[in-house]
>>> print(open('structure.txt').read())   # compact mmCIF, C-alpha atoms
# COMPACT_ATOMS: atom_id res chain seq x y z
CA LYS J 1 -15.76 -6.02 5.10
CA GLN J 2 -13.71 -6.09 1.90
CA GLU J 3 -11.33 -9.00 1.52
CA VAL J 4 -8.77 -9.13 -1.26
CA THR J 5 -7.01 -12.30 -2.33
CA GLN J 6 -4.20 -12.80 -4.81
CA ILE J 7 -3.35 -16.02 -6.56
CA PRO J 8 -0.78 -17.44 -6.90
CA ALA J 9 1.21 -16.42 -3.85
CA ALA J 10 4.43 -17.09 -5.74
CA LEU J 11 5.26 -17.61 -9.39
CA SER J 12 8.49 -18.49 -11.15
CA VAL J 13 8.74 -18.27 -14.94
CA PRO J 14 11.50 -18.31 -17.54
CA GLU J 15 12.35 -15.06 -19.25
CA GLY J 16 10.17 -14.22 -22.23
CA GLU J 17 7.02 -15.89 -21.01
CA ASN J 18 3.70 -14.13 -20.79
CA LEU J 19 2.03 -14.41 -17.40
CA VAL J 20 -1.14 -13.53 -15.53
CA LEU J 21 -1.54 -12.52 -11.92
CA ASN J 22 -4.96 -12.73 -10.31
CA CYS J 23 -6.72 -10.57 -7.76
CA SER J 24 -10.19 -11.18 -6.34
CA PHE J 25 -12.29 -9.10 -3.98
CA THR J 26 -15.48 -9.81 -2.06
CA ASP J 27 -17.34 -6.48 -2.25
CA SER J 28 -18.00 -5.13 -5.74
CA ALA J 29 -18.77 -1.60 -4.44
CA ILE J 30 -15.34 -0.20 -5.27
CA TYR J 31 -14.10 3.11 -6.65
CA ASN J 32 -11.04 1.74 -8.36
CA LEU J 33 -8.42 -0.97 -8.33
CA GLN J 34 -4.71 -0.29 -8.35
CA TRP J 35 -1.80 -2.60 -9.10
CA PHE J 36 1.49 -1.95 -7.34
CA ARG J 37 4.95 -3.37 -7.55
CA GLN J 38 7.20 -3.74 -4.52
CA ASP J 39 10.88 -4.57 -4.81
CA PRO J 40 12.61 -6.13 -1.77
CA GLY J 41 13.14 -3.54 0.94
CA LYS J 42 11.52 -0.83 -1.15
CA GLY J 43 8.29 1.09 -1.28
CA LEU J 44 5.21 0.64 -3.46
CA THR J 45 5.34 1.74 -7.07
CA SER J 46 1.98 2.26 -8.75
CA LEU J 47 1.73 0.37 -12.04
CA LEU J 48 -1.84 0.77 -13.21
CA LEU J 49 -5.06 2.28 -11.92
CA ILE J 50 -8.43 1.06 -13.20
CA GLN J 51 -11.49 3.11 -12.37
CA SER J 52 -14.62 1.16 -11.46
CA SER J 53 -16.24 2.20 -14.75
CA GLN J 54 -13.34 0.89 -16.82
CA ARG J 55 -12.67 -2.63 -18.06
CA GLU J 56 -8.92 -2.43 -18.63
CA GLN J 57 -5.81 -0.29 -18.63
CA THR J 58 -2.54 -0.74 -20.47
CA SER J 59 0.96 0.53 -19.87
CA GLY J 60 3.75 -0.85 -21.99
CA ARG J 61 3.96 -4.61 -21.46
CA LEU J 62 1.37 -4.49 -18.69
CA ASN J 63 -2.36 -4.87 -19.12
CA ALA J 64 -4.81 -4.90 -16.23
CA SER J 65 -8.44 -5.90 -16.50
CA LEU J 66 -11.32 -5.42 -14.12
CA ASP J 67 -14.59 -7.33 -13.84
CA LYS J 68 -16.33 -5.59 -10.98
CA SER J 69 -19.43 -7.75 -11.01
CA SER J 70 -17.45 -10.93 -10.49
CA GLY J 71 -14.94 -9.28 -8.15
CA ARG J 72 -11.89 -10.04 -10.24
CA SER J 73 -8.91 -8.32 -11.76
CA THR J 74 -5.96 -9.69 -13.69
CA LEU J 75 -2.55 -8.25 -14.41
CA TYR J 76 -1.07 -9.52 -17.65
CA ILE J 77 2.67 -9.14 -18.16
CA ALA J 78 3.90 -9.77 -21.69
CA ALA J 79 7.38 -11.00 -22.57
CA SER J 80 8.57 -11.12 -18.97
CA GLN J 81 12.08 -9.92 -18.10
CA PRO J 82 14.31 -10.57 -15.06
CA GLY J 83 13.74 -6.96 -14.06
CA ASP J 84 10.06 -7.77 -13.58
CA SER J 85 10.97 -9.87 -10.53
CA ALA J 86 9.19 -8.30 -7.55
CA THR J 87 6.08 -8.64 -5.41
CA TYR J 88 2.90 -7.47 -7.09
CA LEU J 89 0.08 -6.13 -4.96
CA CYS J 90 -3.46 -5.21 -5.88
CA ALA J 91 -5.40 -2.68 -3.84
CA VAL J 92 -9.12 -1.98 -3.94
CA ALA J 93 -10.41 1.48 -3.08
CA GLY J 94 -13.59 1.78 -1.06
CA GLY J 95 -14.88 2.43 2.44
CA ASN J 96 -12.51 5.38 2.89
CA GLN J 97 -9.43 3.23 2.54
CA PHE J 98 -7.45 0.93 0.30
CA TYR J 99 -7.69 -2.81 0.90
CA PHE J 100 -4.64 -4.77 -0.12
CA GLY J 101 -4.26 -8.28 -1.36
CA THR J 102 -1.72 -10.71 -0.02
CA GLY J 103 0.61 -10.22 -2.98
CA THR J 104 2.21 -12.42 -5.64
CA SER J 105 5.96 -12.86 -5.52
CA LEU J 106 7.21 -13.10 -9.10
CA THR J 107 10.60 -14.44 -10.14
CA VAL J 108 11.63 -14.27 -13.78
CA ILE J 109 14.53 -16.61 -14.49
CA PRO J 110 17.07 -15.46 -17.09
CA ASP O 1 10.83 15.80 -6.28
CA THR O 2 9.36 13.05 -4.07
CA ALA O 3 5.55 13.08 -3.87
CA VAL O 4 5.21 11.33 -0.50
CA SER O 5 8.28 11.35 1.71
CA GLN O 6 8.84 9.63 5.04
CA THR O 7 11.64 10.01 7.54
CA PRO O 8 13.51 8.15 8.76
CA LYS O 9 13.86 5.27 6.32
CA TYR O 10 15.29 2.99 8.99
CA LEU O 11 14.71 3.13 12.73
CA VAL O 12 16.32 0.79 15.23
CA THR O 13 15.41 1.34 18.85
CA GLN O 14 15.13 -0.41 22.18
CA MET O 15 11.96 -1.64 23.81
CA GLY O 16 10.22 0.96 25.88
CA ASN O 17 11.47 3.93 23.88
CA ASP O 18 9.25 6.54 22.22
CA LYS O 19 9.79 7.34 18.57
CA SER O 20 8.21 9.34 15.75
CA ILE O 21 7.95 8.86 12.01
CA LYS O 22 7.29 11.88 9.84
CA CYS O 23 5.40 12.02 6.56
CA GLU O 24 4.89 14.82 4.08
CA GLN O 25 3.12 14.94 0.74
CA ASN O 26 3.49 17.66 -1.87
CA LEU O 27 0.63 16.55 -4.08
CA GLY O 28 -2.01 18.80 -2.57
CA HIS O 29 -4.04 15.78 -1.50
CA ASP O 30 -6.73 15.99 1.16
CA THR O 31 -6.34 12.51 2.63
CA MET O 32 -3.34 10.80 4.23
CA TYR O 33 -2.92 7.32 5.65
CA TRP O 34 -0.65 5.15 7.72
CA TYR O 35 -0.35 1.50 6.77
CA LYS O 36 1.57 -1.25 8.53
CA GLN O 37 3.22 -4.04 6.53
CA ASP O 38 3.86 -7.19 8.52
CA SER O 39 6.51 -9.83 8.01
CA LYS O 40 4.28 -11.60 5.47
CA LYS O 41 4.10 -8.43 3.38
CA PHE O 42 0.43 -7.86 4.17
CA LEU O 43 -0.55 -4.18 4.28
CA LYS O 44 -3.19 -3.11 6.78
CA ILE O 45 -4.52 0.35 7.42
CA MET O 46 -3.86 1.97 10.78
CA PHE O 47 -5.18 5.52 10.41
CA SER O 48 -6.52 7.89 7.82
CA TYR O 49 -6.92 11.64 8.02
CA ASN O 50 -8.91 13.93 5.78
CA ASN O 51 -8.11 17.64 5.98
CA LYS O 52 -6.43 17.12 9.35
CA GLU O 53 -9.39 15.22 10.80
CA LEU O 54 -9.19 11.59 11.89
CA ILE O 55 -11.41 9.41 9.70
CA ILE O 56 -10.23 5.86 10.35
CA ASN O 57 -8.66 4.49 13.48
CA GLU O 58 -8.37 0.75 13.11
CA THR O 59 -7.72 -1.55 16.03
CA VAL O 60 -4.40 -0.03 16.90
CA PRO O 61 -2.96 0.16 20.43
CA ASN O 62 -3.31 3.64 21.88
CA ARG O 63 0.48 3.73 22.12
CA PHE O 64 0.25 4.81 18.50
CA SER O 65 -0.84 8.40 18.07
CA PRO O 66 -1.08 10.12 14.71
CA LYS O 67 -0.82 13.89 14.41
CA SER O 68 -1.70 16.00 11.41
CA PRO O 69 -0.55 19.61 11.85
CA ASP O 70 -1.78 20.42 8.34
CA LYS O 71 -3.14 18.43 5.46
CA ALA O 72 0.30 17.97 3.93
CA HIS O 73 1.72 16.25 7.00
CA LEU O 74 0.78 13.17 8.98
CA ASN O 75 3.20 12.06 11.64
CA LEU O 76 3.09 8.88 13.68
CA HIS O 77 4.26 8.83 17.26
CA ILE O 78 4.74 5.54 19.07
CA ASN O 79 5.10 5.29 22.84
CA SER O 80 6.63 2.46 24.85
CA LEU O 81 7.77 0.47 21.83
CA GLU O 82 7.38 -3.30 21.94
CA LEU O 83 9.07 -6.06 19.98
CA GLY O 84 5.83 -6.70 18.08
CA ASP O 85 5.87 -3.18 16.69
CA SER O 86 8.73 -4.17 14.40
CA ALA O 87 7.41 -3.79 10.86
CA VAL O 88 7.51 -1.50 7.85
CA TYR O 89 5.25 1.54 8.15
CA PHE O 90 4.01 3.22 5.01
CA CYS O 91 2.52 6.65 4.64
CA ALA O 92 0.21 7.31 1.71
CA SER O 93 -1.99 10.03 0.31
CA SER O 94 -4.90 10.39 -2.09
CA GLN O 95 -7.00 13.27 -3.33
CA ALA O 96 -10.14 11.87 -1.70
CA GLN O 97 -10.87 9.30 0.99
CA GLY O 98 -10.23 5.83 -0.36
CA SER O 99 -11.54 6.64 -3.81
CA THR O 100 -8.78 8.07 -5.96
CA GLU O 101 -5.28 6.99 -6.84
CA ALA O 102 -3.06 6.28 -3.85
CA PHE O 103 0.57 7.37 -3.65
CA PHE O 104 2.87 5.72 -1.16
CA GLY O 105 6.04 6.75 0.57
CA GLN O 106 9.15 4.58 0.59
CA GLY O 107 8.38 3.13 3.99
CA THR O 108 10.05 3.23 7.39
CA ARG O 109 11.53 -0.05 8.59
CA LEU O 110 11.16 -0.07 12.36
CA THR O 111 13.14 -2.62 14.33
CA VAL O 112 12.60 -2.87 18.07
CA VAL O 113 15.32 -4.72 19.96
>>> encode(input="structure.txt", output="structure tokens")
Amino acid sequence: KQEVTQIPAALSVPEGENLVLNCSFTDSAIYNLQWFRQDPGKGLTSLLLIQSSQREQTSGRLNASLDKSSGRSTLYIAASQPGDSATYLCAVAGGNQFYFGTGTSLTVIP
Amino acid sequence: DTAVSQTPKYLVTQMGNDKSIKCEQNLGHDTMYWYKQDSKKFLKIMFSYNNKELIINETVPNRFSPKSPDKAHLNLHINSLELGDSAVYFCASSQAQGSTEAFFGQGTRLTVV
């Protein structure tokens, strides 16, 4: 059964820093990997979707990479801003469902 | 125009009551899901439907009964609510079963008192 882990569980950085969030999964037979953002008390906002055949995707200050063979993905956030503060979730698609990681709670300090 | 919409957004109810959460998607997707997010923010699948047919039914008490009148709607009915049912419930949809991009609703925060 697919298991998804995110490290670190929480991260606090000063504004302007570049940072990396990590996601690992146990079964490499995936269709895609999606990164989401969740603000407190809110729903899930999709940030980036990487198909299993792709290595990375970029959107603005965000860059997500995927190494399917090693079961890893990273989300790189450049020049972090206080508005980036949220919980970041990765989800792996496979087995007729989406398996979620445990999330990384990010705080960007002004 | 919201892609996946859930109602209500908040639901506070007493133990033992029966309640329903409604979900609709206007994306033309074939597959819909219900996920439960616990107090530690972990999301776990409850059910998935593809073209109105039940595909996944995880270990969920039979007090929870999903209903899909058409492929654009997946409602969740909960009987005899218990304190442990308090959580945030998310509806989602995707074009195909667990293989294409997932779109989530805003969640329904259920509080059982």
>>> closest_atom_pairs(input="structure.txt", of="region 31-74 of chain J", to="region 93-102 of chain J", cutoff="9 Å", atoms="all atoms listed in the file", output="Markdown table")
| residue | atom | partner | partner_atom | distance |
| --- | --- | --- | --- | --- |
| J:Tyr31 | CA | J:Ala93 | CA | 5.4 |
| J:Asn32 | CA | J:Ala93 | CA | 5.3 |
| J:Leu33 | CA | J:Ala93 | CA | 6.1 |
| J:Gln34 | CA | J:Ala93 | CA | 8.0 |
>>> closest_atom_pairs(input="structure.txt", of="chain J", to="chain O", cutoff="12 Å", atoms="only C-alpha atoms", output="tab-separated table")
residue	atom	partner	partner_atom	distance
J:Gln2	CA	O:Lys44	CA	12.0
J:Glu3	CA	O:Lys44	CA	11.3
J:Val4	CA	O:Phe42	CA	10.8
J:Thr5	CA	O:Phe42	CA	10.8
J:Gln6	CA	O:Phe42	CA	11.2
J:Ala9	CA	O:Lys40	CA	10.9
J:Ala29	CA	O:Ser99	CA	11.0
J:Ile30	CA	O:Ser99	CA	8.0
J:Tyr31	CA	O:Ser99	CA	5.2
J:Asn32	CA	O:Ser99	CA	6.7
J:Leu33	CA	O:Glu101	CA	8.7
J:Gln34	CA	O:Glu101	CA	7.5
J:Trp35	CA	O:Ala102	CA	10.4
J:Phe36	CA	O:Phe104	CA	9.9
J:Arg37	CA	O:Phe104	CA	11.3
J:Gln38	CA	O:Lys41	CA	9.7
J:Asp39	CA	O:Gln106	CA	10.8
J:Pro40	CA	O:Lys41	CA	10.2
J:Gly41	CA	O:Arg109	CA	8.6
J:Lys42	CA	O:Gln106	CA	6.2
J:Gly43	CA	O:Gln106	CA	4.1
J:Leu44	CA	O:Phe104	CA	6.0
J:Thr45	CA	O:Phe104	CA	7.5
J:Ser46	CA	O:Phe103	CA	7.4
J:Leu47	CA	O:Glu101	CA	11.0
J:Leu48	CA	O:Glu101	CA	9.5
J:Leu49	CA	O:Glu101	CA	6.9
J:Ile50	CA	O:Glu101	CA	9.2
J:Gln51	CA	O:Thr100	CA	8.5
J:Ser52	CA	O:Ser99	CA	9.9
J:Thr87	CA	O:Lys41	CA	9.0
J:Tyr88	CA	O:Lys41	CA	10.6
J:Leu89	CA	O:Phe42	CA	9.3
J:Cys90	CA	O:Leu43	CA	10.6
J:Ala91	CA	O:Ala102	CA	9.3
J:Val92	CA	O:Gly98	CA	8.7
J:Ala93	CA	O:Gly98	CA	5.1
J:Gly94	CA	O:Gly98	CA	5.3
J:Gly95	CA	O:Gly98	CA	6.4
J:Asn96	CA	O:Gly98	CA	4.0
J:Gln97	CA	O:Gly98	CA	4.0
J:Phe98	CA	O:Gly98	CA	5.7
J:Tyr99	CA	O:Lys44	CA	7.4
J:Phe100	CA	O:Leu43	CA	6.0
J:Gly101	CA	O:Phe42	CA	7.3
J:Thr102	CA	O:Phe42	CA	5.5
J:Gly103	CA	O:Lys41	CA	7.5
J:Thr104	CA	O:Lys41	CA	10.0
J:Ser105	CA	O:Lys41	CA	10.1
>>> atom_distance(input="structure.txt", atom1="CA of Ser12 (chain J)", atom2="CA of Leu75 (chain J)")
15.4 Å
>>> atom_distance(input="structure.txt", atom1="CA of Lys19 (chain O)", atom2="CA of Leu81 (chain O)")
7.9 Å
>>> atom_distance(input="structure.txt", atom1="CA of Ser80 (chain O)", atom2="CA of Asp18 (chain O)")
5.5 Å
>>> axis_aligned_box(input="structure.txt", around="region 8-12 of chain J", padding_each_side="5 Å", output="AutoDock Vina command-line options")
--center_x 3.9 --center_y -17.5 --center_z -7.5 --size_x 19.3 --size_y 12.1 --size_z 17.3
>>> closest_residue(input="structure.txt", among="J:Glu56, J:Pro110, J:Asp84, J:Tyr76", to="Asn18 (chain J)", atoms="only C-alpha atoms")
J:Tyr76
>>> closest_residue(input="structure.txt", among="O:Gln25, O:Ser68, O:Ser39, O:Ser93", to="Glu53 (chain O)", atoms="only C-alpha atoms")
O:Ser68
>>> residues_near_point(input="structure.txt", point="(-2.5, 17.0, 16.2)", cutoff="12 Å", atoms="all atoms listed in the file", output="list in words")
Tyr49, Asn51, Lys52, Glu53, Leu54, Ser65, Pro66, Lys67, Ser68, Pro69, Asp70, Lys71, His73, Leu74, Asn75, Leu76 and His77 of chain O
>>> residues_around(input="structure.txt", residues="Ser28 (chain J)", least_positions_apart="3", cutoff="8 Å", atoms="all atoms listed in the file", output="VMD selection string")
chain J and resid 25 68 to 71
